[in-house]
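S.K.: Here it is: the structure, laid out below.
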Amino acid sequence: MSIFSKLFKLFLAVVFFPLIPLLLLLGYYQLHLKDNILETHANLAEMVASSMSQHIEDLTWRLAFAPQVTTALQHNKTPVPVLNEALAANPDFVMLAVLDKNGVEKFRAAANPTLLQQLPTLDLQGDPILSELAREPHLSVTRFDVIEERPISEFLYPLQNGDFLYGVLSYTEFLTRLQQPRIGSTGRIYIVDEKGQVYANAYAPAFDAAALRRAFASKSQLLKNIKTPHETYVGAFASTPILGAYAVVLQLKSEAYRSIYHTNIILALFLLTIATLAYFGALTFAERVGEPIEALSQAASQVSHGNLEVHVDPEIGWGEFKRLINAFNQMTSDLKDYQALRLQAQINELKEQVFRSVAHDLRAPLMGLQGYIYILQHGNVSEAEKQNYLKLMSEAAQNLSGLLEDVLDVSRLEAGMAQVHKQSVDLHTLVQEVLDTLRPTAQQKNLQLSAELDVDRLPADPKLLKRILTNLVSNAIKFTETGFVKIKATQDKKSYTVEVQDSGIGLSAQEIKGLFHKYHQVNADKPGFGLGLFISRQLTEAHGGSLKVISAPGEGSTFTVRLPKENI
């Protein structure tokens, strides 16, 4: 992931994460705000129920004519005239009747004479309300009903002589007054029975009666989802003093929550504005900060790979970044100068090392050559001696050439100038070349040269790997008088292993300690200059690998080259 993407996401996270608790708080607030709105409907429903209670209580003083009815009955007169006067004085009375103590009708009167013909004779014998009223005289109002499309309820009132005054009370005018107050343009008051049916109301939509029944059975007064075929209503209800009736206030949901919806729109626009500003702010911030950081990161990567020519344009930076870019460019310039001075010092040191090594290691061979030349020039030698001296001189020259190559290799390795060019190497072919080169030397000692390779190819510099194996096999042949020298190659998940095993004289623990040091020789009587193993270890480590030895006196030695697995 680029620095631009990281900064962009970081800035957006810094802006948007604080909005999450804010949105949760707003959601919680709006949820309770809806309940608060419905609480207003609940208060209105309670007021309606209270008005209905007052309306029922007012019925008691409307029954002030009851003693006159009792007086007429006690004088064996008909109370019908008194009933008619009461009907005329109270338009809400639809019908009045006198029942004996058993509940059988004795007299009746009605504001509408045709109603008397339609209603059968009243007979409430066996009704438990009669015995209750006889024990505890009080006004009893029954449940709602509808007569001639008018909402009514029946009432019973005990008379002093033991009879009962029966009446039918109309709520038409009362409900008309209830319908006058509204909440908005769609909020109305309804009287609903326990079955969810609305009493005589021309404005009532087709509410879901089942939903109303479930709401009446619940503990909450709030109605949050009352459906009609086309709309959804919300509101509240309250129980009335009339058995099985509820005062219900309902309003269209869209109108009741309109202020909340408007607030949501405003909040959505506000959040959209914040999101837009945050996006472009994050984009600008990431570009302004990310571009110089990315440029410095790429330049630093190139410097780490040795490219000191890299230069970062200061104009892409600002403030501290511009000063940082200028400091980086100055640093690369100083490093380039330092590298040039260091390279010159390394070259001079390399020259000194070569001269010291040549002076130290070539003095004896050169003196030998000078002695052979002097003998050939001034001595009286036979042809056979002459050929022998020339052969010795040739061998000395070859030894000098090998020594010079080793000395130069050591100098390059110590100066860190040895370069490894890895490629996929055919190990079978390379090992065969090494064995073919050294086989004549091994045959002179009757040694068995062999290879056991479980690796086909491995990543390495073929020239340097051949030099390593040649040094190890040559060294093994040198210190093995009888037996074998064997190259073995294996691999695991992480590395390749190439072993050179021999049946030679072996090494003690003390001898192994200085084995890979420069100019170190275990046996001074053996030819060589003590550089082969040192060079082999250095070349192996230049590959990122390791060279180790396991040996014991008289049990031979095993030199192990381990190289890491890489994709070439």
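Letters for chains follow the order of the structure tokens (A, B, ...), residue numbers begin at 1 for each chain, and ligand numbers begin at 1 in the order shown.
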Residues of segment 219-341 of chain A in strand (DSSP E) according to DSSP, as a list of chain:residue names?

M.R.: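 In segment 219-341 of chain A, DSSP puts these residues in strand (DSSP E): A:Leu222, A:Leu223, A:Lys224, A:Asn225, A:Ile226, A:Lys227, A:Thr232, A:Tyr233, A:Val234, A:Gly235, A:Ala236, A:Phe237, A:Ala238, A:Ser239, A:Ala245, A:Tyr246, A:Ala247, A:Val248, A:Val249, A:Leu250, A:Gln251, A:Leu252.
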
S.K.: From a DSSP calculation on the backbone, collect every residue of segment 96-238 of chain A in alpha helix (DSSP H) and output the set as a PyMOL selection string.

M.R.: chain A and resi 113-118+128-135+172-179+209-217

S.K.: Write the residues of the selection above to a file with C-alpha atoms, as an mmCIF file, in the first residue's frame.

M.R.:
data_model
loop_
_atom_site.group_PDB
_atom_site.id
_atom_site.type_symbol
_atom_site.label_atom_id
_atom_site.label_comp_id
_atom_site.auth_asym_id
_atom_site.auth_seq_id
_atom_site.Cartn_x
_atom_site.Cartn_y
_atom_site.Cartn_z
ATOM 1 C CA PRO A 113 -92.210 7.748 19.202
ATOM 2 C CA THR A 114 -91.262 5.327 16.406
ATOM 3 C CA LEU A 115 -88.372 4.152 18.549
ATOM 4 C CA LEU A 116 -90.837 2.882 21.135
ATOM 5 C CA GLN A 117 -92.440 0.664 18.532
ATOM 6 C CA GLN A 118 -89.121 -0.723 17.370
ATOM 7 C CA PRO A 128 -76.660 -9.448 38.253
ATOM 8 C CA ILE A 129 -76.408 -5.665 37.953
ATOM 9 C CA LEU A 130 -79.888 -5.344 39.486
ATOM 10 C CA SER A 131 -78.949 -7.125 42.706
ATOM 11 C CA GLU A 132 -75.727 -5.132 42.851
ATOM 12 C CA LEU A 133 -77.586 -1.832 42.518
ATOM 13 C CA ALA A 134 -80.099 -2.994 45.137
ATOM 14 C CA ARG A 135 -77.260 -3.597 47.623
ATOM 15 C CA THR A 172 -73.604 12.103 19.237
ATOM 16 C CA GLU A 173 -73.144 15.686 20.389
ATOM 17 C CA PHE A 174 -70.369 14.678 22.752
ATOM 18 C CA LEU A 175 -68.429 12.929 19.980
ATOM 19 C CA THR A 176 -69.094 15.867 17.686
ATOM 20 C CA ARG A 177 -67.408 18.125 20.201
ATOM 21 C CA LEU A 178 -64.528 15.637 20.486
ATOM 22 C CA GLN A 179 -63.973 15.746 16.754
ATOM 23 C CA ALA A 209 -58.845 -3.730 13.864
ATOM 24 C CA ALA A 210 -56.490 -6.589 14.789
ATOM 25 C CA ALA A 211 -53.620 -4.147 15.326
ATOM 26 C CA LEU A 212 -55.824 -2.035 17.578
ATOM 27 C CA ARG A 213 -56.861 -5.097 19.603
ATOM 28 C CA ARG A 214 -53.233 -6.104 20.111
ATOM 29 C CA ALA A 215 -52.383 -2.551 21.166
ATOM 30 C CA PHE A 216 -55.238 -2.455 23.710
ATOM 31 C CA ALA A 217 -53.933 -5.715 25.197
#

S.K.: What is the distance between atom CA of Gln68 of chain A and atom CA of Ile56 of chain A, in Å to one decimal?

M.R.: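 Value for the atom CA of Gln68 of chain A-atom CA of Ile56 of chain A distance: 21.4 Å.
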
S.K.: Of the candidates A:His543, A:Lys548, A:Lys336, A:Lys227, which one gets nearest to Phe207 of chain A if we count only C-alpha atoms?

M.R.: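 Counting only C-alpha atoms, the residue closest to Phe207 of chain A is A:Lys227.
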